[in-house]
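To be precise, the following lines are run_25.csv, and they hold CSV, C-alpha atoms (C1' of nucleotides).
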chain,number,residue,atom,x,y,z
A,705,MET,CA,21.2,19.3,6.4
A,706,ALA,CA,20.8,18.6,2.7
A,707,GLN,CA,19.2,21.4,0.9
A,708,GLY,CA,15.7,20.8,-0.1
A,709,ARG,CA,15.2,17.8,2.0
A,710,ARG,CA,11.5,16.8,1.8
A,711,TYR,CA,8.9,15.3,4.0
A,712,TRP,CA,6.4,12.5,3.3
A,713,LEU,CA,3.8,10.3,5.0
A,714,MET,CA,3.4,6.7,4.2
A,715,LYS,CA,0.6,4.5,5.3
A,716,SER,CA,0.7,0.9,6.3
A,717,GLU,CA,-1.7,-1.4,8.0
A,718,PRO,CA,0.0,-2.6,11.2
A,719,ARG,CA,-1.5,-6.1,10.9
A,720,VAL,CA,0.3,-6.3,7.5
A,721,PHE,CA,3.5,-4.3,8.3
A,722,SER,CA,3.9,-2.2,11.4
A,723,ILE,CA,6.6,0.2,12.5
A,724,ASP,CA,7.8,-2.6,14.8
A,725,ASP,CA,8.2,-4.8,11.8
A,726,LEU,CA,10.3,-2.1,10.2
A,727,ALA,CA,12.4,-1.7,13.3
A,728,GLN,CA,13.1,-5.5,13.3
A,729,SER,CA,13.8,-5.8,9.6
A,730,PRO,CA,17.4,-6.5,8.5
A,731,LYS,CA,19.3,-3.2,8.6
A,732,GLN,CA,16.0,-1.7,9.9
A,733,THR,CA,15.2,-1.2,6.2
A,734,THR,CA,12.5,-2.4,3.9
A,735,CYS,CA,11.4,-2.0,0.3
A,736,TRP,CA,8.0,-0.4,0.0
A,737,ASP,CA,6.4,-2.7,-2.5
A,738,GLY,CA,2.8,-3.0,-3.5
A,739,VAL,CA,1.9,0.6,-4.3
A,740,ARG,CA,-0.5,0.5,-7.2
A,741,ASN,CA,-1.7,4.1,-7.4
A,742,TYR,CA,-0.2,6.5,-9.9
A,743,GLN,CA,-0.2,9.5,-7.7
A,744,ALA,CA,1.5,7.6,-4.9
A,745,ARG,CA,4.0,6.2,-7.3
A,746,ASN,CA,4.8,9.6,-8.7
A,747,PHE,CA,5.5,10.9,-5.2
A,748,MET,CA,7.8,8.0,-4.6
A,749,ARG,CA,9.6,8.9,-7.8
A,750,GLU,CA,10.2,12.4,-6.4
A,751,MET,CA,11.8,11.1,-3.2
A,752,ALA,CA,15.5,11.5,-2.5
A,753,VAL,CA,17.7,9.6,-0.1
A,754,GLY,CA,17.5,11.2,3.3
A,755,ASP,CA,13.9,12.5,2.8
A,756,GLN,CA,12.0,12.1,6.1
A,757,VAL,CA,8.9,10.0,6.3
A,758,PHE,CA,6.1,9.8,8.9
A,759,PHE,CA,5.1,6.2,9.4
A,760,TYR,CA,1.3,6.0,9.6
A,761,HIS,CA,-0.8,3.1,10.8
A,762,SER,CA,-4.0,2.8,8.8
A,763,ASN,CA,-6.9,0.5,9.6
A,764,ALA,CA,-5.6,0.6,13.1
A,765,GLU,CA,-7.1,1.4,16.5
A,766,PRO,CA,-6.6,4.2,16.5
A,767,PRO,CA,-5.2,5.2,13.1
A,768,ALA,CA,-2.1,7.3,13.9
A,769,VAL,CA,1.3,8.6,13.0
A,770,VAL,CA,3.5,6.3,15.0
A,771,GLY,CA,7.1,7.3,14.2
A,772,ILE,CA,9.7,8.3,11.6
A,773,ALA,CA,11.6,6.6,8.8
A,774,GLU,CA,13.7,7.9,6.1
A,775,VAL,CA,14.2,7.2,2.4
A,776,ALA,CA,17.2,4.9,2.0
A,777,ARG,CA,17.0,4.2,-1.7
A,778,ILE,CA,15.3,6.2,-4.5
A,779,ALA,CA,12.6,4.7,-6.7
A,780,TYR,CA,13.3,1.5,-8.6
A,781,PRO,CA,11.1,-1.2,-10.2
A,782,ASP,CA,8.8,-3.1,-7.8
A,783,GLN,CA,9.5,-6.7,-8.7
A,784,THR,CA,6.1,-7.9,-7.4
A,785,GLN,CA,4.5,-6.5,-10.5
A,786,PHE,CA,6.0,-9.3,-12.5
A,787,ASP,CA,5.4,-12.0,-10.0
A,788,LYS,CA,2.3,-14.0,-11.0
A,789,THR,CA,2.0,-15.4,-7.5
A,790,SER,CA,1.9,-12.0,-5.9
A,791,HIS,CA,-1.2,-10.1,-4.9
A,792,HIS,CA,0.4,-7.1,-6.6
A,793,TYR,CA,1.0,-8.8,-9.9
A,794,ASP,CA,0.2,-6.6,-12.9
A,795,ALA,CA,-0.2,-8.4,-16.1
A,796,ALA,CA,-0.2,-5.2,-18.1
A,797,SER,CA,3.3,-4.2,-16.9
A,798,VAL,CA,6.4,-5.4,-18.7
A,799,PRO,CA,10.0,-5.5,-17.5
A,800,SER,CA,11.2,-3.3,-20.3
A,801,ALA,CA,8.9,-0.6,-19.1
A,802,PRO,CA,8.0,-1.2,-15.5
A,803,ARG,CA,4.8,0.5,-14.4
A,804,TRP,CA,5.3,0.4,-10.7
A,805,ASP,CA,8.2,1.5,-8.5
A,806,MET,CA,9.1,1.3,-4.9
A,807,VAL,CA,11.6,3.0,-2.6
A,808,ASP,CA,13.5,1.6,0.4
A,809,ILE,CA,12.9,3.2,3.8
A,810,ARG,CA,14.9,2.9,7.0
A,811,TYR,CA,13.6,3.0,10.5
A,812,ARG,CA,14.5,6.1,12.6
A,813,GLN,CA,12.3,6.3,15.6
A,814,THR,CA,9.0,5.4,17.3
A,815,PHE,CA,7.1,8.1,19.1
A,816,ASN,CA,6.6,7.6,22.8
A,817,ALA,CA,3.0,8.5,22.2
A,818,SER,CA,1.6,8.0,18.8
A,819,LEU,CA,-0.5,10.8,17.3
A,820,SER,CA,-4.0,9.7,16.5
A,821,LEU,CA,-5.9,10.9,13.5
A,822,ASP,CA,-8.3,12.6,16.0
A,823,ARG,CA,-5.5,14.4,17.7
A,824,LEU,CA,-4.2,15.7,14.3
A,825,ARG,CA,-7.6,16.9,13.3
A,826,GLN,CA,-7.7,19.0,16.5
A,827,GLU,CA,-4.6,21.0,15.5
A,828,PRO,CA,-5.6,24.1,13.4
A,829,LYS,CA,-2.1,24.3,11.9
A,830,LEU,CA,-2.5,20.9,10.3
A,831,LYS,CA,-5.8,21.7,8.5
A,832,GLY,CA,-4.1,21.6,5.2
A,833,MET,CA,-2.4,18.2,5.6
A,834,VAL,CA,-3.2,15.8,2.8
A,835,LEU,CA,-4.0,13.1,5.3
A,836,LEU,CA,-6.8,15.2,6.8
A,837,GLN,CA,-8.6,16.1,3.6
A,838,LYS,CA,-12.0,14.6,3.0
A,839,GLY,CA,-11.8,11.4,1.1
A,840,SER,CA,-8.0,11.4,1.0
A,841,ARG,CA,-6.8,7.9,0.5
A,842,LEU,CA,-3.3,8.4,-0.8
A,843,SER,CA,-1.0,5.9,0.8
A,844,VAL,CA,2.1,8.0,-0.1
A,845,GLN,CA,1.7,11.7,0.3
A,846,PRO,CA,3.7,14.9,0.7
A,847,VAL,CA,4.0,16.7,4.1
A,848,THR,CA,5.1,20.4,4.2
A,849,GLU,CA,8.0,21.5,6.3
A,850,SER,CA,5.8,23.3,8.7
A,851,GLU,CA,3.4,20.4,9.0
A,852,TRP,CA,6.4,18.2,9.7
A,853,ALA,CA,7.5,20.6,12.5
A,854,VAL,CA,4.1,20.8,14.1
A,855,VAL,CA,3.6,17.0,14.1
A,856,LEU,CA,7.1,16.5,15.6
A,857,LYS,CA,6.3,19.0,18.3
A,858,LEU,CA,3.0,17.4,19.1
A,859,ALA,CA,4.8,14.0,19.4
A,860,GLY,CA,7.3,15.5,21.7
A,861,ALA,CA,9.9,13.9,19.4
A,862,LYS,CA,13.6,14.8,19.5
A,863,VAL,CA,14.5,16.7,16.4
A,864,SER,CA,17.7,15.5,14.8
B,121,DG,C1',-18.8,-5.3,8.8
B,122,DC,C1',-20.6,-1.0,6.6
B,123,DC,C1',-20.2,2.3,3.3
B,124,DA,C1',-18.5,7.0,1.5
B,125,DA,C1',-15.2,8.5,-1.4
B,126,DC,C1',-12.3,7.8,-4.9
B,127,DG,C1',-9.7,5.5,-8.9
B,128,DT,C1',-9.9,2.4,-12.8
B,129,DT,C1',-12.0,-0.1,-16.5
B,130,DG,C1',-14.4,-0.8,-20.5
B,131,DG,C1',-18.6,-0.4,-23.4
B,132,DC,C1',-20.4,2.7,-26.4
C,179,DG,C1',-14.1,11.0,-24.4
C,180,DC,C1',-18.2,10.1,-21.5
C,181,DC,C1',-19.8,7.7,-17.7
C,182,DA,C1',-21.8,3.5,-15.3
C,183,DA,C1',-20.1,-0.3,-13.1
C,184,DC,C1',-16.9,-2.1,-10.3
C,185,DG,C1',-13.0,-2.5,-7.0
C,186,DT,C1',-10.3,-0.5,-3.2
C,187,DT,C1',-9.2,2.3,0.8
C,188,DG,C1',-9.7,3.2,5.2
C,189,DG,C1',-12.4,5.5,9.0
C,190,DC,C1',-16.0,4.4,11.8
Is it possible to express this structure as structure tokens?
Amino acid sequence: MAQGRRYWLMKSEPRVFSIDDLAQSPKQTTCWDGVRNYQARNFMREMAVGDQVFFYHSNAEPPAVVGIAEVARIAYPDQTQFDKTSHHYDAASVPSAPRWDMVDIRYRQTFNASLSLDRLRQEPKLKGMVLLQKGSRLSVQPVTESEWAVVLKLAGAKVS
DNA sequence: GCCAACGTTGGC
DNA sequence: GCCAACGTTGGC
């Protein structure tokens, strides 16, 4: 295992892009465009290839961690910021100094039983998770190694 | 669909 | 540099 491999959680609305969509993408890989929050962007800039990612369904019934992906490409400019026809267009960003980045993530697995937000809240060991903090809305957030292990265990997922 | 919490913008 | 107004996120 690579030293210092890190763990993250990324949110997506399943009606927009679900973990099934990721699994069915070419090479089971997608670029994570559209992030327009500086904190989330900064976390993506810290990512390394091979970092592990919990795939979280937000605005879902129920909201839940549904599986695992991994970082396949480190941060690079999100082209949608320059696309006037895109929802994510940012008139204040210029190609010589792109404001917004994205990473590529690759599908790894879908949990047999997804872990609802409710279930996660019931686990004392996960009290500190960024996801569970009051008012937390970050769409890209760090997960500690111990939180990663606890969630995996709750999911009954095979550790590889 | 509501609205609390949070981030961003822009007037001053 | 303060802060009110506004927009967005995302659980419920």
Wanna dump the chain A-chain C contacts at 10 Å for me, each residue with its shortest atom pair and the distance in Å to one decimal, counting all atoms listed in the file, ordered by chain and number, as a Markdown table?
| residue | atom | partner | partner_atom | distance |
| --- | --- | --- | --- | --- |
| A:Glu717 | CA | C:DG188 | C1' | 9.6 |
| A:Ser762 | CA | C:DG188 | C1' | 6.8 |
| A:Asn763 | CA | C:DG188 | C1' | 5.9 |
| A:Ala764 | CA | C:DG188 | C1' | 9.3 |
| A:Pro766 | CA | C:DG189 | C1' | 9.6 |
| A:Pro767 | CA | C:DG189 | C1' | 8.3 |
| A:Leu821 | CA | C:DG189 | C1' | 9.6 |
| A:Gly839 | CA | C:DG188 | C1' | 9.4 |
| A:Ser840 | CA | C:DT187 | C1' | 9.2 |
| A:Arg841 | CA | C:DT187 | C1' | 6.1 |
| A:Leu842 | CA | C:DT187 | C1' | 8.6 |
| A:Ser843 | CA | C:DT187 | C1' | 9.0 |
For the point (6.9, 4.1, 9.3) in file coordinates, what residues are within 9 Å, counting all atoms listed in the file? Give the answer as a PyMOL selection string?
-> chain A and resi 713-716+722-724+726-727+757-761+769-774+809-814
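Picture a line from CA of Lys829 (chain A) to CA of Ala861 (chain A); it runs 17.6 Å.
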Atom-to-atom span, CA of Glu750 (chain A) and CA of Val847 (chain A), Å = 12.9 Å
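The gap separating CA of Asp808 (chain A) from CA of Val775 (chain A) is 6.0 Å, in Å to one decimal.
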Nearest candidate to Glu765 (chain A) (options A:Leu824, A:Leu819, A:Leu835, A:Ala801; using all atoms listed in the file) = A:Leu819
Kindly extract all protein, DNA and RNA residues lying within 9 Å of the coordinates (13.8, 14.8, 5.6) given in the file, considering all atoms listed in the file, and supply them as a PyMOL selection string.
-> chain A and resi 705-706+708-712+752-757+774-775+849
Kindly save the residues from that selection, with C-alpha atoms included, as an mmCIF file, in the frame of the given file.
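Result file is selection-v2.cif:
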data_model
loop_
_atom_site.group_PDB
_atom_site.id
_atom_site.type_symbol
_atom_site.label_atom_id
_atom_site.label_comp_id
_atom_site.auth_asym_id
_atom_site.auth_seq_id
_atom_site.Cartn_x
_atom_site.Cartn_y
_atom_site.Cartn_z
ATOM 1 C CA MET A 705 21.200 19.300 6.400
ATOM 2 C CA ALA A 706 20.800 18.600 2.700
ATOM 3 C CA GLY A 708 15.700 20.800 -0.100
ATOM 4 C CA ARG A 709 15.200 17.800 2.000
ATOM 5 C CA ARG A 710 11.500 16.800 1.800
ATOM 6 C CA TYR A 711 8.900 15.300 4.000
ATOM 7 C CA TRP A 712 6.400 12.500 3.300
ATOM 8 C CA ALA A 752 15.500 11.500 -2.500
ATOM 9 C CA VAL A 753 17.700 9.600 -0.100
ATOM 10 C CA GLY A 754 17.500 11.200 3.300
ATOM 11 C CA ASP A 755 13.900 12.500 2.800
ATOM 12 C CA GLN A 756 12.000 12.100 6.100
ATOM 13 C CA VAL A 757 8.900 10.000 6.300
ATOM 14 C CA GLU A 774 13.700 7.900 6.100
ATOM 15 C CA VAL A 775 14.200 7.200 2.400
ATOM 16 C CA GLU A 849 8.000 21.500 6.300
#
